[in-house]
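A.B. asks: Contents of run_36.txt (compact mmCIF, N, CA and C atoms and all ligand atoms) are below:
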# COMPACT_ATOMS: atom_id res chain seq x y z
N MET N 3 139.06 11.70 85.00
CA MET N 3 138.08 12.61 84.40
C MET N 3 138.74 13.96 84.10
N PRO N 4 138.54 14.51 82.87
CA PRO N 4 139.20 15.78 82.54
C PRO N 4 138.69 16.93 83.42
N GLN N 5 139.61 17.84 83.70
CA GLN N 5 139.23 19.05 84.45
C GLN N 5 139.01 20.16 83.43
N TYR N 6 137.77 20.44 83.13
CA TYR N 6 137.49 21.47 82.13
C TYR N 6 137.63 22.86 82.74
N LYS N 7 138.26 23.73 81.95
CA LYS N 7 138.41 25.12 82.39
C LYS N 7 137.14 25.91 82.04
N HIS N 8 136.54 25.55 80.92
CA HIS N 8 135.30 26.20 80.49
C HIS N 8 134.34 25.18 79.92
N HIS N 9 133.08 25.36 80.26
CA HIS N 9 132.00 24.65 79.58
C HIS N 9 131.18 25.69 78.84
N ILE N 10 130.98 25.46 77.55
CA ILE N 10 130.18 26.36 76.73
C ILE N 10 128.88 25.63 76.41
N PHE N 11 127.78 26.14 76.94
CA PHE N 11 126.49 25.50 76.68
C PHE N 11 125.74 26.32 75.64
N VAL N 12 125.32 25.65 74.59
CA VAL N 12 124.63 26.30 73.49
C VAL N 12 123.22 25.73 73.38
N CYS N 13 122.23 26.59 73.47
CA CYS N 13 120.85 26.14 73.36
C CYS N 13 120.57 25.68 71.93
N GLU N 14 120.04 24.48 71.82
CA GLU N 14 119.66 23.94 70.51
C GLU N 14 118.17 23.62 70.45
N ASN N 15 117.44 24.09 71.44
CA ASN N 15 116.01 23.78 71.48
C ASN N 15 115.32 24.27 70.21
N LEU N 16 114.53 23.39 69.62
CA LEU N 16 113.86 23.73 68.36
C LEU N 16 112.34 23.66 68.55
N ARG N 17 111.69 24.78 68.30
CA ARG N 17 110.23 24.82 68.36
C ARG N 17 109.67 25.00 66.95
N ASP N 18 108.40 24.73 66.83
CA ASP N 18 107.72 24.94 65.56
C ASP N 18 107.83 26.43 65.18
N ALA N 19 107.96 26.68 63.89
CA ALA N 19 108.13 28.05 63.42
C ALA N 19 106.97 28.96 63.80
N SER N 20 105.82 28.36 64.05
CA SER N 20 104.64 29.16 64.41
C SER N 20 104.65 29.60 65.88
N ASP N 21 105.57 29.05 66.68
CA ASP N 21 105.60 29.38 68.10
C ASP N 21 106.12 30.80 68.29
N PRO N 22 105.33 31.66 68.95
CA PRO N 22 105.75 33.06 69.10
C PRO N 22 107.02 33.25 69.94
N ASN N 23 107.39 32.24 70.73
CA ASN N 23 108.62 32.35 71.54
C ASN N 23 109.88 32.23 70.71
N GLY N 24 109.74 31.66 69.50
CA GLY N 24 110.93 31.41 68.71
C GLY N 24 111.78 30.34 69.38
N SER N 25 112.93 30.03 68.82
CA SER N 25 113.81 29.05 69.45
C SER N 25 115.22 29.18 68.90
N CYS N 26 116.18 28.81 69.75
CA CYS N 26 117.59 28.91 69.34
C CYS N 26 117.91 27.90 68.25
N GLY N 27 117.21 26.77 68.27
CA GLY N 27 117.45 25.78 67.23
C GLY N 27 117.15 26.33 65.85
N ALA N 28 116.17 27.25 65.79
CA ALA N 28 115.82 27.87 64.51
C ALA N 28 116.77 29.03 64.17
N LYS N 29 117.62 29.38 65.13
CA LYS N 29 118.57 30.49 64.90
C LYS N 29 120.00 29.97 64.84
N GLY N 30 120.13 28.71 64.46
CA GLY N 30 121.48 28.17 64.21
C GLY N 30 122.16 27.57 65.41
N GLY N 31 121.42 27.23 66.46
CA GLY N 31 122.04 26.68 67.68
C GLY N 31 122.97 25.49 67.42
N THR N 32 122.51 24.56 66.61
CA THR N 32 123.33 23.37 66.36
C THR N 32 124.61 23.73 65.61
N GLN N 33 124.48 24.59 64.61
CA GLN N 33 125.66 25.00 63.84
C GLN N 33 126.64 25.80 64.72
N ILE N 34 126.09 26.58 65.63
CA ILE N 34 126.94 27.35 66.54
C ILE N 34 127.73 26.42 67.46
N ARG N 35 127.04 25.41 68.01
CA ARG N 35 127.75 24.46 68.89
C ARG N 35 128.82 23.71 68.09
N GLU N 36 128.49 23.31 66.87
CA GLU N 36 129.48 22.60 66.05
C GLU N 36 130.69 23.50 65.76
N ALA N 37 130.43 24.79 65.53
CA ALA N 37 131.53 25.73 65.28
C ALA N 37 132.41 25.87 66.53
N PHE N 38 131.78 25.91 67.71
CA PHE N 38 132.58 25.95 68.94
C PHE N 38 133.43 24.68 69.06
N LYS N 39 132.81 23.54 68.79
CA LYS N 39 133.54 22.27 68.89
C LYS N 39 134.73 22.25 67.94
N ASP N 40 134.50 22.73 66.72
CA ASP N 40 135.59 22.79 65.73
C ASP N 40 136.73 23.67 66.22
N GLU N 41 136.36 24.83 66.79
CA GLU N 41 137.38 25.76 67.28
C GLU N 41 138.17 25.17 68.44
N VAL N 42 137.46 24.48 69.33
CA VAL N 42 138.12 23.84 70.48
C VAL N 42 139.17 22.85 69.97
N LYS N 43 138.78 22.08 68.98
CA LYS N 43 139.69 21.08 68.42
C LYS N 43 140.87 21.75 67.72
N LYS N 44 140.56 22.74 66.86
CA LYS N 44 141.59 23.44 66.09
C LYS N 44 142.63 24.11 66.99
N ARG N 45 142.15 24.63 68.12
CA ARG N 45 143.04 25.36 69.03
C ARG N 45 143.73 24.46 70.05
N GLY N 46 143.51 23.16 69.93
CA GLY N 46 144.16 22.22 70.85
C GLY N 46 143.64 22.32 72.27
N LEU N 47 142.35 22.67 72.40
CA LEU N 47 141.79 22.86 73.74
C LEU N 47 140.93 21.69 74.21
N LYS N 48 140.92 20.62 73.43
CA LYS N 48 140.14 19.45 73.86
C LYS N 48 140.67 18.98 75.20
N GLY N 49 139.75 18.71 76.12
CA GLY N 49 140.18 18.28 77.45
C GLY N 49 140.17 19.43 78.45
N THR N 50 140.22 20.67 77.95
CA THR N 50 140.15 21.82 78.87
C THR N 50 138.92 22.68 78.60
N VAL N 51 138.38 22.60 77.37
CA VAL N 51 137.18 23.37 77.03
C VAL N 51 136.20 22.41 76.36
N ARG N 52 134.95 22.51 76.76
CA ARG N 52 133.95 21.62 76.16
C ARG N 52 132.72 22.42 75.74
N ALA N 53 132.26 22.16 74.53
CA ALA N 53 131.03 22.80 74.02
C ALA N 53 129.92 21.76 74.06
N ASN N 54 128.87 22.06 74.80
CA ASN N 54 127.77 21.13 74.98
C ASN N 54 126.46 21.66 74.45
N LYS N 55 125.64 20.73 74.01
CA LYS N 55 124.27 21.05 73.62
C LYS N 55 123.45 21.30 74.89
N ALA N 56 122.64 22.34 74.87
CA ALA N 56 121.73 22.60 75.99
C ALA N 56 120.30 22.64 75.48
N GLY N 57 119.38 22.31 76.34
CA GLY N 57 117.97 22.53 76.06
C GLY N 57 117.66 23.99 76.31
N CYS N 58 116.39 24.33 76.33
CA CYS N 58 116.00 25.73 76.49
C CYS N 58 116.61 26.34 77.75
N LEU N 59 117.24 27.49 77.57
CA LEU N 59 117.88 28.20 78.68
C LEU N 59 117.00 29.35 79.18
N ASP N 60 115.77 29.38 78.69
CA ASP N 60 114.78 30.38 79.11
C ASP N 60 115.17 31.81 78.70
N GLN N 61 115.86 31.91 77.58
CA GLN N 61 116.21 33.22 77.02
C GLN N 61 115.81 33.23 75.55
N CYS N 62 114.69 32.61 75.26
CA CYS N 62 114.31 32.31 73.88
C CYS N 62 114.28 33.52 72.95
N SER N 63 113.73 34.62 73.42
CA SER N 63 113.63 35.77 72.54
C SER N 63 115.00 36.40 72.27
N LEU N 64 116.00 36.01 73.05
CA LEU N 64 117.35 36.56 72.90
C LEU N 64 118.29 35.57 72.23
N GLY N 65 117.74 34.49 71.68
CA GLY N 65 118.58 33.45 71.08
C GLY N 65 119.26 33.88 69.80
N ALA N 66 120.26 33.20 69.43
CA ALA N 66 120.70 31.96 70.06
C ALA N 66 121.42 32.27 71.37
N ALA N 67 121.05 31.52 72.40
CA ALA N 67 121.59 31.75 73.73
C ALA N 67 122.75 30.80 74.03
N VAL N 68 123.77 31.37 74.67
CA VAL N 68 124.97 30.62 75.03
C VAL N 68 125.34 31.02 76.46
N VAL N 69 125.75 30.06 77.28
CA VAL N 69 126.24 30.41 78.61
C VAL N 69 127.56 29.68 78.85
N VAL N 70 128.50 30.42 79.41
CA VAL N 70 129.83 29.87 79.65
C VAL N 70 130.06 29.75 81.15
N TYR N 71 130.39 28.54 81.58
CA TYR N 71 130.72 28.29 82.99
C TYR N 71 132.20 27.95 83.09
N PRO N 72 132.84 28.23 84.22
CA PRO N 72 132.25 28.52 85.52
C PRO N 72 131.90 30.00 85.76
N GLU N 73 132.17 30.87 84.80
CA GLU N 73 131.95 32.30 85.06
C GLU N 73 130.47 32.68 85.04
N ALA N 74 129.63 31.81 84.45
CA ALA N 74 128.21 32.10 84.29
C ALA N 74 128.00 33.40 83.51
N ILE N 75 128.69 33.50 82.38
CA ILE N 75 128.54 34.62 81.47
C ILE N 75 127.54 34.20 80.39
N TRP N 76 126.48 35.00 80.27
CA TRP N 76 125.42 34.68 79.31
C TRP N 76 125.56 35.57 78.06
N TYR N 77 125.38 34.93 76.92
CA TYR N 77 125.41 35.66 75.65
C TYR N 77 124.08 35.45 74.92
N GLY N 78 123.65 36.50 74.21
CA GLY N 78 122.43 36.41 73.44
C GLY N 78 122.64 36.90 72.02
N HIS N 79 121.71 36.54 71.16
CA HIS N 79 121.76 36.88 69.73
C HIS N 79 123.07 36.40 69.11
N VAL N 80 123.57 35.29 69.62
CA VAL N 80 124.84 34.76 69.11
C VAL N 80 124.60 34.14 67.73
N THR N 81 125.51 34.43 66.82
CA THR N 81 125.48 33.80 65.49
C THR N 81 126.79 33.06 65.29
N ILE N 82 126.84 32.32 64.23
CA ILE N 82 128.05 31.55 63.92
C ILE N 82 129.24 32.50 63.73
N ASP N 83 128.97 33.71 63.30
CA ASP N 83 130.05 34.69 63.08
C ASP N 83 130.66 35.19 64.39
N ASP N 84 130.00 34.94 65.52
CA ASP N 84 130.51 35.41 66.82
C ASP N 84 131.41 34.38 67.51
N VAL N 85 131.44 33.17 66.99
CA VAL N 85 132.15 32.08 67.67
C VAL N 85 133.64 32.38 67.82
N GLN N 86 134.27 32.85 66.76
CA GLN N 86 135.71 33.16 66.82
C GLN N 86 136.01 34.20 67.89
N GLU N 87 135.18 35.24 67.94
CA GLU N 87 135.42 36.32 68.90
C GLU N 87 135.25 35.83 70.34
N ILE N 88 134.24 35.00 70.58
CA ILE N 88 134.05 34.45 71.94
C ILE N 88 135.24 33.56 72.30
N MET N 89 135.70 32.78 71.34
CA MET N 89 136.86 31.92 71.62
C MET N 89 138.11 32.76 71.87
N ASP N 90 138.36 33.74 71.03
CA ASP N 90 139.56 34.57 71.16
C ASP N 90 139.54 35.37 72.46
N SER N 91 138.46 36.14 72.63
CA SER N 91 138.40 37.10 73.72
C SER N 91 138.12 36.45 75.07
N HIS N 92 137.10 35.62 75.11
CA HIS N 92 136.67 35.06 76.40
C HIS N 92 137.41 33.77 76.76
N ILE N 93 137.29 32.78 75.91
CA ILE N 93 137.81 31.46 76.27
C ILE N 93 139.34 31.47 76.36
N GLU N 94 139.98 32.10 75.39
CA GLU N 94 141.45 32.11 75.43
C GLU N 94 142.00 33.36 76.09
N GLY N 95 141.28 34.49 75.93
CA GLY N 95 141.81 35.75 76.46
C GLY N 95 141.32 36.11 77.85
N GLY N 96 140.26 35.47 78.31
CA GLY N 96 139.75 35.75 79.66
C GLY N 96 138.87 36.99 79.77
N THR N 97 138.56 37.62 78.62
CA THR N 97 137.71 38.82 78.63
C THR N 97 136.40 38.53 77.91
N PRO N 98 135.28 38.51 78.64
CA PRO N 98 133.99 38.27 77.99
C PRO N 98 133.70 39.30 76.89
N VAL N 99 132.88 38.89 75.93
CA VAL N 99 132.52 39.77 74.81
C VAL N 99 131.31 40.60 75.25
N GLU N 100 131.58 41.82 75.64
CA GLU N 100 130.54 42.67 76.25
C GLU N 100 129.34 42.90 75.33
N ARG N 101 129.60 43.09 74.06
CA ARG N 101 128.50 43.44 73.15
C ARG N 101 127.47 42.33 73.03
N LEU N 102 127.79 41.12 73.42
CA LEU N 102 126.86 39.99 73.31
C LEU N 102 126.24 39.59 74.64
N ARG N 103 126.67 40.23 75.71
CA ARG N 103 126.20 39.80 77.04
C ARG N 103 124.73 40.15 77.27
N ILE N 104 124.04 39.23 77.96
CA ILE N 104 122.66 39.49 78.34
C ILE N 104 122.53 39.30 79.84
S1 LIG I 201 114.91 28.15 72.96
FE1 LIG I 201 116.95 28.76 73.44
S2 LIG I 201 116.73 29.76 75.31
FE2 LIG I 201 114.76 28.97 74.93
Have the structure of the file written as structure tokens, please.

C.D. replies:
Amino acid sequence: MPQYKHHIFVCENLRDASDPNGSCGAKGGTQIREAFKDEVKKRGLKGTVRANKAGCLDQCSLGAAVVVYPEAIWYGHVTIDDVQEIMDSHIEGGTPVERLRI
């Protein structure tokens, strides 16, 4: 079994547009996870970093929500444009992206 250095969980929960809680699925959750997966592959990190789909992480109003383990660093309002920075700074550089932390 691979020993992952990081697990990136991306909320993809999708609620009806009329739901006042909103949802990460409506804020690009699936595309964000796919972008993380692409970056993991491109950077040769398969086997050490894994991007997983998550259900609701209970941070709906702050979505799209992402949490990285084992550090338990939570990010909010994540967009597809933030994926590179999280990969560069946090996953590869070891420094969480402060501006996105919740
Ligand atoms: S819908 Fe993503 S945290 Fe709840």

A.B. asks: Using all atoms listed in the file, which residue out of N:Leu47, N:Ala66, N:Val99, N:Ile75 lies closest to ligand LIG 201 (chain I)?

C.D. replies: N:Ala66

A.B. asks: Got a sec to check which residues lie within 7 Å of ligand LIG 201 (chain I), using only C-alpha atoms and all ligand atoms, and send them as a list in words?

C.D. replies: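 Counting only what the definition allows, namely only C-alpha atoms and all ligand atoms, the set is Cys13, Glu14, Asn15, Leu16, Gly24, Ser25, Cys26, Gly27, Gly57, Cys58, Leu59, Asp60, Gln61, Cys62, Gly65, Ala66 and Ala67 of chain N.
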
A.B. asks: Just asking: which residues within region 17-98 of chain N are helix (DSSP H, G or I) according to DSSP, as an NGL selection string?

C.D. replies: :N and (26-29 or 31-44 or 62-64 or 82-94)

A.B. asks: Rounded to one decimal, what separation in Å do you get between CA of Arg103 (chain N) and CA of Ile34 (chain N)?

C.D. replies: 16.3 Å

A.B. asks: Pick the closest to Gly49 (chain N) from N:Tyr6, N:Tyr77, N:Leu64, N:Gly31: which is it, counting all atoms listed in the file?

C.D. replies: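 Using all atoms listed in the file, Gly49 (chain N) sits closest to N:Tyr6.
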
A.B. asks: For Ile10 (chain N), which residue out of N:Arg101, N:Arg52, N:Lys29, N:His79 is the nearest one, using only C-alpha atoms?

C.D. replies: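 The answer is N:Arg52, which sits nearest to Ile10 (chain N).
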
A.B. asks: Using all atoms listed in the file, which residues sit within 6.5 Å of Val85 (chain N) once same-chain residues fewer than 4 positions away are excluded, as a PyMOL selection string?

C.D. replies: chain N and resi 37-38+81+89-90

A.B. asks: Which residue is closest to His9 (chain N)? Choose from N:Asp21, N:Ile104, N:Pro72, N:Ala28 and count only C-alpha atoms.

C.D. replies: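 Going through N:Asp21, N:Ile104, N:Pro72, N:Ala28 one by one, the smallest distance to His9 (chain N) is for N:Pro72.
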
A.B. asks: If you measure from atom C of Ala56 (chain N) to CA of Arg35 (chain N), what distance in Å do you get, rounded to one decimal?

C.D. replies: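 Taking atom C of Ala56 (chain N) and CA of Arg35 (chain N), their separation equals 10.1 Å.
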
A.B. asks: Have a look at N:Gln33, N:Leu102, N:Lys39, N:Thr97 and name the one nearest to Val51 (chain N); count all atoms listed in the file.

C.D. replies: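 Counting all atoms listed in the file, the residue closest to Val51 (chain N) is N:Lys39.
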